[in-house]
file protein-v5.pdb (PDB, C-alpha atoms)
ATOM      1  CA  MET Y   1      20.942 -13.005  -1.449  1.00  0.00           C
ATOM      2  CA  LEU Y   2      22.764 -16.141  -2.498  1.00  0.00           C
ATOM      3  CA  ASN Y   3      22.798 -17.230   1.147  1.00  0.00           C
ATOM      4  CA  ALA Y   4      19.002 -16.886   1.326  1.00  0.00           C
ATOM      5  CA  LEU Y   5      18.567 -19.032  -1.784  1.00  0.00           C
ATOM      6  CA  GLN Y   6      20.966 -21.701  -0.504  1.00  0.00           C
ATOM      7  CA  ASN Y   7      19.204 -21.984   2.865  1.00  0.00           C
ATOM      8  CA  THR Y   8      15.714 -22.208   1.383  1.00  0.00           C
ATOM      9  CA  PRO Y   9      14.051 -25.580   1.983  1.00  0.00           C
ATOM     10  CA  PRO Y  10      13.312 -27.692  -1.117  1.00  0.00           C
ATOM     11  CA  TRP Y  11       9.543 -27.623  -0.530  1.00  0.00           C
ATOM     12  CA  VAL Y  12       9.558 -23.864  -1.158  1.00  0.00           C
ATOM     13  CA  TYR Y  13      10.962 -24.415  -4.648  1.00  0.00           C
ATOM     14  CA  ALA Y  14       8.377 -27.149  -5.277  1.00  0.00           C
ATOM     15  CA  LEU Y  15       5.604 -24.799  -4.169  1.00  0.00           C
ATOM     16  CA  PHE Y  16       6.993 -22.072  -6.444  1.00  0.00           C
ATOM     17  CA  VAL Y  17       6.978 -24.421  -9.440  1.00  0.00           C
ATOM     18  CA  LEU Y  18       3.422 -25.532  -8.604  1.00  0.00           C
ATOM     19  CA  LEU Y  19       2.218 -21.924  -8.365  1.00  0.00           C
ATOM     20  CA  CYS Y  20       3.912 -21.096 -11.672  1.00  0.00           C
ATOM     21  CA  TYR Y  21       2.167 -24.090 -13.271  1.00  0.00           C
ATOM     22  CA  PHE Y  22      -1.253 -22.993 -12.002  1.00  0.00           C
ATOM     23  CA  GLY Y  23      -0.551 -19.410 -13.102  1.00  0.00           C
ATOM     24  CA  ILE Y  24       0.333 -20.479 -16.627  1.00  0.00           C
ATOM     25  CA  LYS Y  25      -2.673 -22.813 -16.721  1.00  0.00           C
ATOM     26  CA  ALA Y  26      -4.944 -19.925 -15.630  1.00  0.00           C
ATOM     27  CA  LEU Y  27      -3.962 -17.976 -18.753  1.00  0.00           C
ATOM     28  CA  SER Y  28      -5.992 -20.321 -20.943  1.00  0.00           C
ATOM     29  CA  PRO Y  29      -9.753 -19.718 -21.195  1.00  0.00           C
ATOM     30  CA  THR Y  30     -11.954 -21.938 -19.049  1.00  0.00           C
ATOM     31  CA  ARG Y  31     -15.638 -22.337 -18.334  1.00  0.00           C
ATOM     32  CA  GLU Y  32     -16.881 -21.966 -14.775  1.00  0.00           C
ATOM     33  CA  SER Y  33     -20.146 -23.385 -13.540  1.00  0.00           C
ATOM     34  CA  LYS Y  34     -22.847 -21.023 -12.351  1.00  0.00           C
ATOM     35  CA  ILE Y  35     -22.856 -22.748  -8.967  1.00  0.00           C
ATOM     36  CA  SER Y  36     -19.200 -21.957  -8.276  1.00  0.00           C
ATOM     37  CA  LEU Y  37     -19.726 -18.371  -9.417  1.00  0.00           C
ATOM     38  CA  LEU Y  38     -22.645 -18.023  -7.003  1.00  0.00           C
ATOM     39  CA  ILE Y  39     -21.051 -19.778  -4.030  1.00  0.00           C
ATOM     40  CA  THR Y  40     -17.578 -18.211  -4.017  1.00  0.00           C
ATOM     41  CA  PRO Y  41     -18.456 -14.542  -3.213  1.00  0.00           C
ATOM     42  CA  PRO Y  42     -20.594 -15.309  -0.117  1.00  0.00           C
ATOM     43  CA  ILE Y  43     -17.898 -17.638   1.220  1.00  0.00           C
ATOM     44  CA  LEU Y  44     -15.206 -14.988   0.781  1.00  0.00           C
ATOM     45  CA  LEU Y  45     -17.489 -12.351   2.320  1.00  0.00           C
ATOM     46  CA  ALA Y  46     -18.176 -14.516   5.369  1.00  0.00           C
ATOM     47  CA  TRP Y  47     -14.481 -15.304   5.750  1.00  0.00           C
ATOM     48  CA  SER Y  48     -13.623 -11.609   5.520  1.00  0.00           C
ATOM     49  CA  LEU Y  49     -16.226 -10.596   8.114  1.00  0.00           C
ATOM     50  CA  TYR Y  50     -15.147 -13.415  10.420  1.00  0.00           C
ATOM     51  CA  SER Y  51     -11.545 -12.245  10.265  1.00  0.00           C
ATOM     52  CA  LEU Y  52     -12.648  -8.778  11.421  1.00  0.00           C
ATOM     53  CA  ASN Y  53     -13.685 -10.346  14.710  1.00  0.00           C
ATOM     54  CA  LEU Y  54     -10.116 -11.611  15.222  1.00  0.00           C
ATOM     55  CA  ALA Y  55      -8.658  -8.086  15.173  1.00  0.00           C
ATOM     56  CA  LEU Y  56      -7.685  -6.178  18.310  1.00  0.00           C
ATOM     57  CA  HIS Y  57     -10.198  -3.410  17.513  1.00  0.00           C
ATOM     58  CA  PRO Y  58     -13.081  -5.007  15.591  1.00  0.00           C
ATOM     59  CA  VAL Y  59     -15.110  -1.783  15.292  1.00  0.00           C
ATOM     60  CA  LEU Y  60     -12.144   0.107  13.831  1.00  0.00           C
ATOM     61  CA  SER Y  61     -11.435  -2.793  11.492  1.00  0.00           C
ATOM     62  CA  LEU Y  62     -15.063  -2.820  10.369  1.00  0.00           C
ATOM     63  CA  GLY Y  63     -14.836   0.888   9.563  1.00  0.00           C
ATOM     64  CA  PHE Y  64     -11.745   0.366   7.430  1.00  0.00           C
ATOM     65  CA  TRP Y  65     -13.403  -2.648   5.822  1.00  0.00           C
ATOM     66  CA  LEU Y  66     -16.431  -0.568   4.828  1.00  0.00           C
ATOM     67  CA  VAL Y  67     -14.193   2.190   3.435  1.00  0.00           C
ATOM     68  CA  ALA Y  68     -12.306  -0.423   1.414  1.00  0.00           C
ATOM     69  CA  VAL Y  69     -15.601  -1.801   0.048  1.00  0.00           C
ATOM     70  CA  LEU Y  70     -16.682   1.695  -1.008  1.00  0.00           C
ATOM     71  CA  VAL Y  71     -13.325   2.491  -2.634  1.00  0.00           C
ATOM     72  CA  GLY Y  72     -13.258  -0.888  -4.372  1.00  0.00           C
ATOM     73  CA  SER Y  73     -16.819  -0.451  -5.630  1.00  0.00           C
ATOM     74  CA  ALA Y  74     -16.039   3.026  -6.953  1.00  0.00           C
ATOM     75  CA  ALA Y  75     -12.901   1.730  -8.667  1.00  0.00           C
ATOM     76  CA  GLY Y  76     -14.902  -1.112 -10.202  1.00  0.00           C
ATOM     77  CA  LEU Y  77     -17.482   1.310 -11.560  1.00  0.00           C
ATOM     78  CA  LEU Y  78     -14.737   3.475 -13.039  1.00  0.00           C
ATOM     79  CA  VAL Y  79     -12.894   0.579 -14.637  1.00  0.00           C
ATOM     80  CA  PHE Y  80     -16.013  -1.291 -15.801  1.00  0.00           C
ATOM     81  CA  PRO Y  81     -18.754   1.275 -16.446  1.00  0.00           C
ATOM     82  CA  ALA Y  82     -22.289  -0.009 -16.908  1.00  0.00           C
ATOM     83  CA  ARG Y  83     -23.268  -0.426 -20.532  1.00  0.00           C
ATOM     84  CA  THR Y  84     -26.597   1.052 -21.486  1.00  0.00           C
ATOM     85  CA  SER Y  85     -26.983  -0.943 -24.685  1.00  0.00           C
ATOM     86  CA  GLY Y  86     -25.885  -4.235 -26.072  1.00  0.00           C
ATOM     87  CA  TRP Y  87     -26.395  -6.522 -23.116  1.00  0.00           C
ATOM     88  CA  MET Y  88     -30.125  -6.112 -22.542  1.00  0.00           C
ATOM     89  CA  PRO Y  89     -32.452  -8.419 -24.483  1.00  0.00           C
ATOM     90  CA  ARG Y  90     -34.363  -6.635 -27.203  1.00  0.00           C
ATOM     91  CA  GLU Y  91     -38.084  -6.228 -27.017  1.00  0.00           C
ATOM     92  CA  PRO Y  92     -39.926  -8.185 -29.696  1.00  0.00           C
ATOM     93  CA  GLY Y  93     -41.575  -5.841 -32.085  1.00  0.00           C
TER      94      GLY Y  93
END

call {"tool": "encode", "arguments": {"input": "protein-v5.pdb", "output": "structure tokens"}}
result
Amino acid sequence: MLNALQNTPPWVYALFVLLCYFGIKALSPTRESKISLLITPPILLAWSLYSLNLALHPVLSLGFWLVAVLVGSAAGLLVFPARTSGWMPREPG
């Protein structure tokens, strides 16, 4: 292991320090604009679907992609269940 660390180029250590800096900085609360929150998911979705076309078997990859979307959606619903009260605006009355 020492040999691997000694033969590692210096830019790898610089990149590691930069990633650690951004990780520590991400721990503090920030405010995101609505535009970036609306633009990011479609870009990542398009990038993901485009990468399916680069696979050797695009139809098989699409099937696995759809299964992953279903499993991820189910996991999201289990981890973050929909609230029935508290977030809806109250009716004036």

call {"tool": "atom_distance", "arguments": {"input": "protein-v5.pdb", "atom1": "CA of Gly72 (chain Y)", "atom2": "CA of Pro42 (chain Y)"}}
result
16.7 Å

call {"tool": "atom_distance", "arguments": {"input": "protein-v5.pdb", "atom1": "CA of Tyr13 (chain Y)", "atom2": "CA of Thr30 (chain Y)"}}
result
27.2 Å

call {"tool": "axis_aligned_box", "arguments": {"input": "protein-v5.pdb", "around": "region 5-19 of chain Y", "padding_each_side": "3 Å", "output": "JSON"}}
result
{"center_x": 11.6, "center_y": -23.4, "center_z": -3.3, "size_x": 24.7, "size_y": 14.7, "size_z": 18.3}

call {"tool": "atom_distance", "arguments": {"input": "protein-v5.pdb", "atom1": "CA of Val69 (chain Y)", "atom2": "CA of Pro29 (chain Y)"}}
result
28.4 Å

call {"tool": "residues_near_point", "arguments": {"input": "protein-v5.pdb", "point": "(-13.8, -3.2, 6.3)", "cutoff": "12 Å", "atoms": "all atoms listed in the file", "output": "number ranges by chain"}}
result
Y: 45, 48-53, 55, 57-72
